[in-house]
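Student: One file is attached below, structure_8.json, containing JSON, C-alpha atoms.
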```
[["chain", "number", "residue", "atom", "x", "y", "z"],
["P", 28, "MET", "CA", 0.00, 0.00, 0.00],
["P", 29, "SER", "CA", 1.41, 3.41, -0.97],
["P", 30, "ILE", "CA", 1.81, 6.18, 1.61],
["P", 31, "ALA", "CA", -0.89, 8.26, -0.09],
["P", 32, "ARG", "CA", -3.38, 5.37, -0.06],
["P", 33, "ALA", "CA", -2.50, 4.64, 3.58],
["P", 34, "GLN", "CA", -3.19, 8.25, 4.51],
["P", 35, "GLN", "CA", -6.53, 8.12, 2.70],
["P", 36, "PHE", "CA", -7.42, 4.91, 4.54],
["P", 37, "LEU", "CA", -6.55, 6.42, 7.91],
["P", 38, "PHE", "CA", -8.48, 9.60, 7.15],
["P", 39, "ARG", "CA", -11.60, 7.55, 6.33],
["P", 40, "LYS", "CA", -11.20, 5.70, 9.63],
["P", 41, "PHE", "CA", -10.97, 9.01, 11.51],
["P", 42, "THR", "CA", -14.13, 10.31, 9.82],
["P", 43, "ALA", "CA", -16.09, 7.17, 10.67],
["P", 44, "VAL", "CA", -15.05, 7.13, 14.30],
["P", 45, "GLY", "CA", -15.18, 10.88, 14.88],
["P", 46, "VAL", "CA", -12.20, 10.89, 17.25],
["P", 47, "ALA", "CA", -8.97, 8.94, 16.89],
["P", 48, "VAL", "CA", -6.56, 8.71, 19.79],
["P", 49, "PHE", "CA", -2.96, 7.70, 19.30],
["P", 50, "ILE", "CA", -0.68, 7.03, 22.20],
["P", 51, "CYS", "CA", 3.00, 7.16, 21.43],
["P", 52, "VAL", "CA", 5.82, 7.68, 23.89],
["P", 53, "ALA", "CA", 9.43, 7.31, 22.86],
["P", 54, "GLY", "CA", 11.86, 5.75, 25.27],
["P", 55, "PHE", "CA", 9.52, 4.21, 27.86],
["P", 56, "SER", "CA", 9.10, 0.46, 27.55],
["P", 57, "THR", "CA", 9.31, -0.44, 31.24],
["P", 58, "PRO", "CA", 5.94, -1.02, 32.96],
["P", 59, "ILE", "CA", 4.72, 2.12, 34.72],
["P", 60, "SER", "CA", 1.91, 1.91, 37.26],
["P", 61, "GLY", "CA", 0.98, -1.50, 35.90],
["P", 62, "ALA", "CA", 0.95, -0.23, 32.29],
["P", 63, "SER", "CA", 3.40, 1.60, 30.06],
["P", 64, "ALA", "CA", 2.54, 4.98, 28.62],
["P", 65, "THR", "CA", 2.36, 3.34, 25.21],
["P", 66, "SER", "CA", -0.63, 1.24, 26.26],
["P", 67, "GLY", "CA", -4.27, 2.12, 26.53],
["P", 68, "ASP", "CA", -4.23, 1.19, 30.23],
["P", 69, "TYR", "CA", -1.92, 4.00, 31.32],
["P", 70, "ARG", "CA", -3.66, 6.55, 33.55],
["P", 71, "ILE", "CA", -2.71, 10.18, 33.00],
["P", 72, "ARG", "CA", -1.32, 11.89, 36.10],
["P", 73, "PRO", "CA", -0.69, 15.50, 37.15],
["P", 74, "GLY", "CA", 2.68, 16.57, 35.81],
["P", 75, "ASP", "CA", 2.45, 14.49, 32.62],
["P", 76, "VAL", "CA", 3.08, 16.37, 29.39],
["P", 77, "LEU", "CA", 0.70, 15.61, 26.51],
["P", 78, "GLU", "CA", 0.97, 16.29, 22.80],
["P", 79, "LEU", "CA", -2.41, 17.28, 21.40],
["P", 80, "THR", "CA", -3.06, 17.57, 17.68],
["P", 81, "VAL", "CA", -6.36, 18.72, 16.24],
["P", 82, "PHE", "CA", -6.34, 17.91, 12.52],
["P", 83, "GLY", "CA", -6.90, 20.93, 10.31],
["P", 84, "GLU", "CA", -6.69, 23.28, 13.29],
["P", 85, "PRO", "CA", -3.04, 24.10, 13.96],
["P", 86, "THR", "CA", -3.96, 26.94, 16.32],
["P", 87, "LEU", "CA", -5.72, 24.45, 18.59],
["P", 88, "SER", "CA", -2.91, 21.92, 18.60],
["P", 89, "GLN", "CA", -0.60, 21.89, 21.63],
["P", 90, "PRO", "CA", 2.84, 20.23, 21.41],
["P", 91, "ALA", "CA", 3.48, 20.41, 25.19],
["P", 92, "LEU", "CA", 0.26, 20.40, 27.15],
["P", 93, "LYS", "CA", 0.99, 19.93, 30.86],
["P", 94, "VAL", "CA", -1.50, 18.27, 33.18],
["P", 95, "LEU", "CA", -2.15, 20.63, 36.09],
["P", 96, "PRO", "CA", -2.01, 19.54, 39.77],
["P", 97, "GLY", "CA", -5.79, 19.10, 39.85],
["P", 98, "GLY", "CA", -5.66, 16.76, 36.85],
["P", 99, "ALA", "CA", -6.97, 19.19, 34.21],
["P", 100, "VAL", "CA", -5.50, 20.62, 31.03],
["P", 101, "VAL", "CA", -6.35, 23.99, 29.53],
["P", 102, "THR", "CA", -6.66, 24.03, 25.74],
["P", 103, "PRO", "CA", -7.59, 26.80, 23.29],
["P", 104, "LEU", "CA", -11.32, 26.93, 22.55],
["P", 105, "ALA", "CA", -12.13, 23.80, 24.60],
["P", 106, "GLY", "CA", -10.96, 25.49, 27.80],
["P", 107, "GLN", "CA", -10.35, 23.40, 30.90],
["P", 108, "VAL", "CA", -10.80, 19.65, 30.46],
["P", 109, "ARG", "CA", -10.22, 17.14, 33.23],
["P", 110, "VAL", "CA", -8.00, 14.27, 32.07],
["P", 111, "GLY", "CA", -6.33, 13.10, 35.30],
["P", 112, "GLY", "CA", -7.04, 9.43, 35.99],
["P", 113, "LEU", "CA", -8.18, 8.81, 32.40],
["P", 114, "THR", "CA", -6.44, 6.64, 29.85],
["P", 115, "PRO", "CA", -5.10, 8.52, 26.82],
["P", 116, "PRO", "CA", -8.00, 7.29, 24.65],
["P", 117, "GLN", "CA", -10.49, 8.49, 27.26],
["P", 118, "ALA", "CA", -8.70, 11.84, 27.58],
["P", 119, "GLY", "CA", -8.70, 12.26, 23.81],
["P", 120, "ASN", "CA", -12.44, 11.59, 23.76],
["P", 121, "ALA", "CA", -12.98, 14.16, 26.52],
["P", 122, "ILE", "CA", -11.07, 16.86, 24.62],
["P", 123, "ALA", "CA", -12.84, 16.02, 21.36],
["P", 124, "HIS", "CA", -16.21, 16.20, 23.11],
["P", 125, "ALA", "CA", -15.36, 19.66, 24.46],
["P", 126, "LEU", "CA", -14.38, 20.81, 20.96],
["P", 127, "GLU", "CA", -17.65, 19.57, 19.43],
["P", 128, "LYS", "CA", -19.31, 22.75, 20.66],
["P", 129, "TYR", "CA", -17.19, 24.69, 18.20],
["P", 130, "LEU", "CA", -16.02, 22.20, 15.54],
["P", 131, "ARG", "CA", -17.84, 19.67, 13.42],
["P", 132, "HIS", "CA", -16.45, 16.17, 13.85],
["P", 133, "PRO", "CA", -13.12, 17.20, 15.43],
["P", 134, "LYS", "CA", -10.32, 14.80, 14.70],
["P", 135, "VAL", "CA", -7.85, 14.57, 17.57],
["P", 136, "THR", "CA", -4.68, 12.65, 18.33],
["P", 137, "LEU", "CA", -3.26, 12.58, 21.83],
["P", 138, "ALA", "CA", 0.21, 11.42, 22.88],
["P", 139, "VAL", "CA", 1.83, 11.23, 26.32],
["P", 140, "SER", "CA", 5.23, 12.72, 25.54],
["P", 141, "ILE", "CA", 6.65, 13.02, 29.07],
["P", 142, "VAL", "CA", 5.60, 10.90, 32.02],
["P", 143, "SER", "CA", 5.75, 12.70, 35.38],
["P", 144, "PRO", "CA", 7.86, 11.31, 38.25],
["P", 145, "LEU", "CA", 6.26, 8.81, 40.61],
["P", 146, "ASP", "CA", 5.31, 9.88, 44.13],
["P", 147, "ILE", "CA", 6.43, 6.99, 46.34],
["P", 148, "TYR", "CA", 6.19, 6.60, 50.13],
["P", 149, "VAL", "CA", 9.00, 4.52, 51.67],
["P", 150, "LEU", "CA", 8.15, 3.71, 55.28],
["P", 151, "GLY", "CA", 9.09, 1.44, 58.15],
["P", 152, "ASN", "CA", 12.55, 0.06, 58.81],
["P", 153, "VAL", "CA", 14.54, 2.24, 56.40],
["P", 154, "LYS", "CA", 17.14, 4.84, 57.28],
["P", 155, "LEU", "CA", 15.30, 7.85, 55.82],
["P", 156, "PRO", "CA", 11.55, 7.14, 55.67],
["P", 157, "GLY", "CA", 9.48, 9.64, 53.72],
["P", 158, "LYS", "CA", 7.99, 10.62, 50.38],
["P", 159, "TYR", "CA", 10.18, 10.47, 47.29],
["P", 160, "GLN", "CA", 9.81, 11.37, 43.63],
["P", 161, "LEU", "CA", 11.26, 8.63, 41.47],
["P", 162, "GLN", "CA", 11.57, 8.07, 37.74],
["P", 163, "PRO", "CA", 8.71, 6.19, 36.03],
["P", 164, "GLN", "CA", 10.81, 3.06, 35.46],
["P", 165, "SER", "CA", 11.76, 2.82, 39.15],
["P", 166, "THR", "CA", 11.55, -0.44, 41.08],
["P", 167, "VAL", "CA", 11.61, -1.65, 44.69],
["P", 168, "ILE", "CA", 15.42, -1.43, 44.83],
["P", 169, "ASP", "CA", 15.25, 2.21, 43.68],
["P", 170, "ALA", "CA", 12.76, 3.00, 46.45],
["P", 171, "LEU", "CA", 14.98, 1.41, 49.12],
["P", 172, "ALA", "CA", 18.05, 3.21, 47.77],
["P", 173, "ALA", "CA", 16.23, 6.57, 47.85],
["P", 174, "ALA", "CA", 15.42, 5.99, 51.53],
["P", 175, "GLY", "CA", 19.07, 5.27, 52.36],
["P", 176, "GLY", "CA", 18.72, 1.51, 52.57],
["P", 177, "LEU", "CA", 17.35, -0.75, 55.29],
["P", 178, "GLY", "CA", 17.57, -0.07, 58.99],
["P", 179, "PRO", "CA", 18.97, -2.60, 61.49],
["P", 180, "VAL", "CA", 17.92, -6.16, 60.64],
["P", 181, "ASP", "CA", 18.33, -9.25, 62.80],
["P", 182, "GLY", "CA", 18.29, -12.53, 60.93],
["P", 183, "ASP", "CA", 16.67, -12.80, 57.51],
["P", 184, "TYR", "CA", 15.40, -9.74, 55.71],
["P", 185, "PRO", "CA", 11.61, -9.30, 55.99],
["P", 186, "ASN", "CA", 9.01, -9.13, 53.24],
["P", 187, "ALA", "CA", 8.30, -5.60, 52.03],
["P", 188, "ARG", "CA", 4.64, -4.69, 51.53],
["P", 189, "LEU", "CA", 3.73, -2.74, 48.39],
["P", 190, "SER", "CA", 0.31, -1.10, 48.41],
["P", 191, "VAL", "CA", -1.66, 1.18, 46.12],
["P", 192, "GLY", "CA", -5.24, 1.68, 47.28],
["P", 193, "ASP", "CA", -6.70, -1.77, 47.95],
["P", 194, "ASP", "CA", -3.99, -3.54, 45.94],
["P", 195, "VAL", "CA", -1.43, -5.05, 48.34],
["P", 196, "ARG", "CA", 1.40, -7.45, 47.55],
["P", 197, "GLU", "CA", 4.55, -8.67, 49.27],
["P", 198, "VAL", "CA", 8.12, -8.89, 48.02],
["P", 199, "SER", "CA", 10.74, -11.07, 49.70],
["P", 200, "LEU", "CA", 13.70, -8.81, 50.45],
["P", 201, "GLN", "CA", 15.65, -11.91, 51.49],
["P", 202, "ASP", "CA", 15.33, -13.32, 47.98],
["P", 203, "LEU", "CA", 15.87, -9.95, 46.32],
["P", 204, "LEU", "CA", 18.78, -8.55, 48.32],
["P", 205, "GLN", "CA", 20.54, -11.67, 49.58],
["P", 206, "LYS", "CA", 19.85, -14.23, 46.84],
["P", 207, "GLY", "CA", 19.81, -11.78, 43.93],
["P", 208, "ASP", "CA", 16.38, -12.94, 42.70],
["P", 209, "LEU", "CA", 15.36, -9.95, 40.57],
["P", 210, "SER", "CA", 11.89, -11.34, 39.93],
["P", 211, "GLY", "CA", 10.90, -9.56, 43.15],
["P", 212, "ASN", "CA", 12.24, -6.20, 41.96],
["P", 213, "ALA", "CA", 8.71, -5.07, 41.13],
["P", 214, "PRO", "CA", 7.98, -1.86, 39.21],
["P", 215, "LEU", "CA", 6.53, 0.94, 41.29],
["P", 216, "ALA", "CA", 3.19, 2.67, 40.79],
["P", 217, "ASN", "CA", 2.31, 6.27, 41.49],
["P", 218, "GLN", "CA", 1.23, 6.89, 45.11],
["P", 219, "MET", "CA", 2.58, 3.46, 46.10],
["P", 220, "SER", "CA", 3.66, 2.79, 49.67],
["P", 221, "VAL", "CA", 6.70, 0.57, 50.21],
["P", 222, "TYR", "CA", 6.67, -0.60, 53.83],
["P", 223, "VAL", "CA", 9.54, -2.54, 55.42],
["P", 224, "PRO", "CA", 8.55, -4.11, 58.78],
["P", 225, "SER", "CA", 10.90, -3.52, 61.69],
["P", 226, "PRO", "CA", 12.25, -6.48, 63.64],
["P", 227, "ILE", "CA", 9.93, -7.63, 66.41],
["P", 228, "THR", "CA", 11.19, -6.38, 69.78],
["P", 229, "PHE", "CA", 10.66, -7.68, 73.30],
["P", 230, "ASN", "CA", 12.25, -7.41, 76.72],
["P", 231, "VAL", "CA", 14.35, -9.87, 78.70],
["P", 232, "GLN", "CA", 15.80, -9.30, 82.18],
["P", 233, "VAL", "CA", 19.54, -9.53, 82.74],
["P", 234, "PHE", "CA", 20.91, -9.37, 86.28],
["P", 235, "GLY", "CA", 24.12, -10.15, 88.17],
["P", 236, "ALA", "CA", 27.61, -9.15, 87.09],
["P", 237, "VAL", "CA", 26.67, -6.76, 84.27],
["P", 238, "ASP", "CA", 27.06, -3.00, 83.94],
["P", 239, "LYS", "CA", 23.34, -2.15, 83.55],
["P", 240, "PRO", "CA", 21.17, -4.83, 85.16],
["P", 241, "GLY", "CA", 17.47, -4.82, 84.35],
["P", 242, "ASP", "CA", 15.29, -4.90, 81.25],
["P", 243, "VAL", "CA", 17.08, -5.29, 77.92],
["P", 244, "VAL", "CA", 15.40, -4.71, 74.54],
["P", 245, "MET", "CA", 15.92, -7.61, 72.15],
["P", 246, "HIS", "CA", 15.04, -8.20, 68.51],
["P", 247, "GLN", "CA", 13.54, -11.35, 67.11],
["P", 248, "GLY", "CA", 16.33, -13.88, 66.59],
["P", 249, "ASP", "CA", 18.76, -12.29, 69.07],
["P", 250, "ARG", "CA", 20.79, -14.73, 71.14],
["P", 251, "LEU", "CA", 22.05, -14.83, 74.71],
["P", 252, "VAL", "CA", 25.37, -13.24, 73.79],
["P", 253, "MET", "CA", 23.50, -10.13, 72.60],
["P", 254, "ALA", "CA", 21.41, -9.94, 75.79],
["P", 255, "ILE", "CA", 24.55, -9.90, 77.94],
["P", 256, "ALA", "CA", 26.30, -7.44, 75.62],
["P", 257, "ARG", "CA", 23.39, -4.98, 75.76],
["P", 258, "ALA", "CA", 23.35, -5.21, 79.56],
["P", 259, "GLY", "CA", 27.04, -4.26, 79.51],
["P", 260, "ASN", "CA", 30.00, -6.54, 80.10],
["P", 261, "SER", "CA", 33.06, -4.40, 80.74],
["P", 262, "PRO", "CA", 36.08, -5.89, 82.53],
["P", 263, "ASN", "CA", 34.92, -4.14, 85.71],
["P", 264, "SER", "CA", 31.78, -6.28, 85.80],
["P", 265, "ASN", "CA", 33.91, -9.32, 86.66],
["P", 266, "SER", "CA", 31.52, -11.73, 84.94],
["P", 267, "ASP", "CA", 31.85, -15.49, 85.06],
["P", 268, "LEU", "CA", 30.62, -16.47, 81.59],
["P", 269, "ASN", "CA", 31.11, -20.17, 82.34],
["P", 270, "ARG", "CA", 27.94, -20.30, 84.43],
["P", 271, "VAL", "CA", 25.29, -18.07, 82.85],
["P", 272, "VAL", "CA", 21.81, -19.08, 84.03],
["P", 273, "VAL", "CA", 18.80, -18.65, 81.73],
["P", 274, "ARG", "CA", 15.23, -19.16, 82.95],
["P", 275, "HIS", "CA", 12.53, -19.43, 80.33],
["P", 276, "ASN", "CA", 8.80, -19.31, 81.10],
["P", 277, "ILE", "CA", 6.88, -22.07, 79.32],
["P", 278, "GLY", "CA", 3.40, -21.08, 80.51],
["P", 279, "ASP", "CA", 1.01, -22.20, 83.25],
["P", 280, "GLY", "CA", 3.40, -20.82, 85.84],
["P", 281, "LYS", "CA", 6.15, -23.25, 84.80],
["P", 282, "ALA", "CA", 9.71, -22.43, 83.76],
["P", 283, "THR", "CA", 12.82, -24.21, 82.55],
["P", 284, "THR", "CA", 16.33, -23.31, 83.69],
["P", 285, "GLN", "CA", 19.59, -23.86, 81.85],
["P", 286, "THR", "CA", 23.20, -23.12, 82.72],
["P", 287, "ILE", "CA", 25.21, -22.05, 79.65],
["P", 288, "ASN", "CA", 29.00, -21.98, 79.40],
["P", 289, "MET", "CA", 29.35, -18.97, 77.09],
["P", 290, "TYR", "CA", 33.14, -19.13, 77.24],
["P", 291, "ASP", "CA", 33.01, -22.71, 75.96],
["P", 292, "VAL", "CA", 30.51, -21.74, 73.26],
["P", 293, "TYR", "CA", 32.95, -19.11, 72.03],
["P", 294, "LYS", "CA", 36.00, -21.36, 72.33],
["P", 295, "ASN", "CA", 34.42, -24.24, 70.37],
["P", 296, "GLY", "CA", 32.52, -22.06, 67.91],
["P", 297, "ASP", "CA", 29.24, -23.92, 68.56],
["P", 298, "ILE", "CA", 26.61, -21.26, 68.04],
["P", 299, "SER", "CA", 23.78, -23.78, 68.48],
["P", 300, "LYS", "CA", 24.41, -23.60, 72.26],
["P", 301, "ASP", "CA", 24.01, -19.82, 72.26],
["P", 302, "LEU", "CA", 20.31, -19.67, 73.11],
["P", 303, "VAL", "CA", 17.84, -17.66, 71.07],
["P", 304, "MET", "CA", 16.13, -15.29, 73.51],
["P", 305, "GLN", "CA", 12.37, -15.14, 73.99],
["P", 306, "LYS", "CA", 10.05, -12.64, 75.61],
["P", 307, "GLY", "CA", 10.18, -12.79, 79.40],
["P", 308, "ASP", "CA", 13.48, -14.68, 79.65],
["P", 309, "TYR", "CA", 15.53, -14.11, 82.80],
["P", 310, "VAL", "CA", 19.34, -14.13, 82.61],
["P", 311, "LEU", "CA", 21.66, -14.26, 85.61],
["P", 312, "VAL", "CA", 25.38, -13.62, 85.05],
["P", 313, "PRO", "CA", 27.37, -14.66, 88.15],
["P", 314, "GLU", "CA", 30.52, -12.94, 89.40],
["P", 315, "GLY", "CA", 33.85, -14.49, 88.51],
["P", 316, "HIS", "CA", 36.11, -15.96, 91.22],
["P", 317, "GLY", "CA", 39.50, -17.58, 91.12],
["P", 318, "ARG", "CA", 40.84, -18.49, 87.66],
["P", 319, "HIS", "CA", 41.12, -15.60, 85.21],
["P", 320, "ASP", "CA", 40.15, -17.66, 82.18],
["P", 321, "THR", "CA", 36.61, -17.89, 83.54],
["P", 322, "VAL", "CA", 36.25, -14.15, 83.12],
["P", 323, "SER", "CA", 36.04, -13.19, 79.45],
["P", 324, "PRO", "CA", 34.86, -9.69, 78.49],
["P", 325, "LEU", "CA", 31.92, -10.12, 76.14],
["P", 326, "SER", "CA", 33.35, -7.69, 73.63],
["P", 327, "GLY", "CA", 35.82, -10.42, 72.72],
["P", 328, "ILE", "CA", 33.05, -12.99, 72.38],
["P", 329, "LEU", "CA", 31.02, -10.66, 70.20],
["P", 330, "GLY", "CA", 33.97, -10.05, 67.96],
["P", 331, "GLY", "CA", 34.68, -13.75, 67.70],
["P", 332, "PHE", "CA", 31.11, -14.70, 66.89],
["P", 333, "GLY", "CA", 30.90, -11.94, 64.33],
["P", 334, "ARG", "CA", 33.99, -13.25, 62.55],
["P", 335, "LEU", "CA", 32.94, -16.88, 62.77],
["P", 336, "PHE", "CA", 29.30, -16.60, 61.82],
["P", 337, "GLY", "CA", 28.74, -13.11, 60.39],
["P", 338, "LEU", "CA", 25.79, -12.67, 62.72],
["P", 339, "TYR", "CA", 26.12, -9.08, 63.81],
["P", 340, "ARG", "CA", 25.90, -6.47, 61.14]]
```
As structure tokens - that is how I would like this structure written.

Tutor:
Amino acid sequence: MSIARAQQFLFRKFTAVGVAVFICVAGFSTPISGASATSGDYRIRPGDVLELTVFGEPTLSQPALKVLPGGAVVTPLAGQVRVGGLTPPQAGNAIAHALEKYLRHPKVTLAVSIVSPLDIYVLGNVKLPGKYQLQPQSTVIDALAAAGGLGPVDGDYPNARLSVGDDVREVSLQDLLQKGDLSGNAPLANQMSVYVPSPITFNVQVFGAVDKPGDVVMHQGDRLVMAIARAGNSPNSNSDLNRVVVRHNIGDGKATTQTINMYDVYKNGDISKDLVMQKGDYVLVPEGHGRHDTVSPLSGILGGFGRLFGLYR
């Protein structure tokens, strides 16, 4: 088919339909808000720049028509037309309908030439929670990077929750950040919230030969060595880490008691004997007497465990 015949064919199609809407955006092929700007599912947002062409009416055409904060555009003759939240075909129909008061069978093409940045809320356990403007192609990793990365994490990374309105989904940050599984690096949508849960916290009680006896805040997955460290274990505390007593409530007024040789745990590198703490646990660190090797400042144990097992980030 020649170019002239193709143009005639397209013109006849425009006349039959009344309004023809073309959507063409160069350079954006990544999904944006669930649909790319080249698809009929894309929803126009404030800040987008549209290219409006009214055939045969060059004075009405607008090469850079910006969508105002309220979601409207202002065009010659048609005046203010609300297009925010509409797909480009719907917006083209709205503009054509407004022009019908002045033109007979207006023929309109509409293109989204510039997509506005995404407004994204990054909340929860990140270093700099807040609202960020990100590029349309941005993903979960971009959102986390904008917020300065994750806050303190004990154990595995949590699942991040992505929500837009009633649409909620979860992304495994453990798979994404630790295992490199990019299938979870989901594209972001405008007004999306990215929420990273903080580690669950609880209190245990640490008494005896520690610097600050009393309640100690723990995170889910923390072990006995961290409970003693947070209670303070300077050389002046004179702790005997060979005989640390842990009492754990098991309900119905019952409790179990264990004596842990933390020095031996460190010496043999057997982390399985370093108990995982639970809410309400009671820890007693006795004073050291006699042999000096029974008194080991916990800073050394912490450093050793960190090197051996990479537990403490």

Student: Quick one: everything within 8 Å of Val237 in chain P, counting only C-alpha atoms, minus sequence neighbours fewer than 2 positions away in the same chain. Send it as a short mmCIF file (atom, residue, chain, number, x, y, z; two decimals) with C-alpha atoms, in the coordinates of the input.

Tutor:
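The resulting file, around_24.cif, is shown below:
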```cif
data_model
loop_
_atom_site.label_atom_id
_atom_site.label_comp_id
_atom_site.auth_asym_id
_atom_site.auth_seq_id
_atom_site.Cartn_x
_atom_site.Cartn_y
_atom_site.Cartn_z
CA VAL P 233 19.54 -9.53 82.74
CA PHE P 234 20.91 -9.37 86.28
CA GLY P 235 24.12 -10.15 88.17
CA LYS P 239 23.34 -2.15 83.55
CA PRO P 240 21.17 -4.83 85.16
CA ILE P 255 24.55 -9.90 77.94
CA ALA P 258 23.35 -5.21 79.56
CA GLY P 259 27.04 -4.26 79.51
CA ASN P 260 30.00 -6.54 80.10
CA SER P 261 33.06 -4.40 80.74
CA SER P 264 31.78 -6.28 85.80
CA SER P 266 31.52 -11.73 84.94
CA VAL P 312 25.38 -13.62 85.05
#
```

Student: What does the distance from CA of Gly178 in chain P to CA of Val198 in chain P come to in Å, to one decimal?

Tutor: 17.0 Å

Student: What is the distance, in Å and to one decimal place, between CA of Asn230 in chain P and CA of Val303 in chain P?

Tutor: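 Separation between CA of Asn230 in chain P and CA of Val303 in chain P: 13.0 Å.
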
Student: Find the residue from P:Lys300, P:Gly182, P:Asp193, P:Pro156 that sits nearest to Gln205 in chain P; use only C-alpha atoms when measuring.

Tutor: P:Gly182

Student: Quick one: distance from CA of Val243 in chain P to CA of Tyr293 in chain P in Å, one decimal?

Tutor: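 Value for the CA of Val243 in chain P-CA of Tyr293 in chain P distance: 21.9 Å.
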
Student: Kindly indicate which residue among P:Val244, P:Val81, P:Ala91, P:Ile141 lies nearest to Ile122 in chain P, using all atoms listed in the file for the distances.

Tutor: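 Ranking P:Val244, P:Val81, P:Ala91, P:Ile141 by distance to Ile122 in chain P, first place goes to P:Val81.
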
Student: Any idea what's packed within 6 Å of range 217-225 of chain P, counting all atoms listed in the file, ignoring anything in its chain fewer than 2 positions away? Could you give it as a PyMOL selection string?

Tutor: chain P and resi 145-152+187-191

Student: So, with all atoms listed in the file as the atoms that count, which of P:Leu204, P:Ala170, P:Ala121, P:Val142 lies closest to Val94 in chain P?

Tutor: P:Val142

Student: Which residue out of P:Val271, P:Ile277, P:Val180, P:Val100 has the minimum interatomic distance to Gly248 in chain P when all atoms listed in the file are used?

Tutor: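 Closest residue, counting all atoms listed in the file: P:Val180.
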
Student: Could you pull range 141-184 of chain P out of the structure I just pasted and write it to a file containing C-alpha atoms, as a tab-separated table (two decimals), in the first residue's frame?

Tutor:
```tsv
chain	number	residue	atom	x	y	z
P	141	ILE	CA	6.65	13.02	29.07
P	142	VAL	CA	5.60	10.90	32.02
P	143	SER	CA	5.75	12.70	35.38
P	144	PRO	CA	7.86	11.31	38.25
P	145	LEU	CA	6.26	8.81	40.61
P	146	ASP	CA	5.31	9.88	44.13
P	147	ILE	CA	6.43	6.99	46.34
P	148	TYR	CA	6.19	6.60	50.13
P	149	VAL	CA	9.00	4.52	51.67
P	150	LEU	CA	8.15	3.71	55.28
P	151	GLY	CA	9.09	1.44	58.15
P	152	ASN	CA	12.55	0.06	58.81
P	153	VAL	CA	14.54	2.24	56.40
P	154	LYS	CA	17.14	4.84	57.28
P	155	LEU	CA	15.30	7.85	55.82
P	156	PRO	CA	11.55	7.14	55.67
P	157	GLY	CA	9.48	9.64	53.72
P	158	LYS	CA	7.99	10.62	50.38
P	159	TYR	CA	10.18	10.47	47.29
P	160	GLN	CA	9.81	11.37	43.63
P	161	LEU	CA	11.26	8.63	41.47
P	162	GLN	CA	11.57	8.07	37.74
P	163	PRO	CA	8.71	6.19	36.03
P	164	GLN	CA	10.81	3.06	35.46
P	165	SER	CA	11.76	2.82	39.15
P	166	THR	CA	11.55	-0.44	41.08
P	167	VAL	CA	11.61	-1.65	44.69
P	168	ILE	CA	15.42	-1.43	44.83
P	169	ASP	CA	15.25	2.21	43.68
P	170	ALA	CA	12.76	3.00	46.45
P	171	LEU	CA	14.98	1.41	49.12
P	172	ALA	CA	18.05	3.21	47.77
P	173	ALA	CA	16.23	6.57	47.85
P	174	ALA	CA	15.42	5.99	51.53
P	175	GLY	CA	19.07	5.27	52.36
P	176	GLY	CA	18.72	1.51	52.57
P	177	LEU	CA	17.35	-0.75	55.29
P	178	GLY	CA	17.57	-0.07	58.99
P	179	PRO	CA	18.97	-2.60	61.49
P	180	VAL	CA	17.92	-6.16	60.64
P	181	ASP	CA	18.33	-9.25	62.80
P	182	GLY	CA	18.29	-12.53	60.93
P	183	ASP	CA	16.67	-12.80	57.51
P	184	TYR	CA	15.40	-9.74	55.71
```
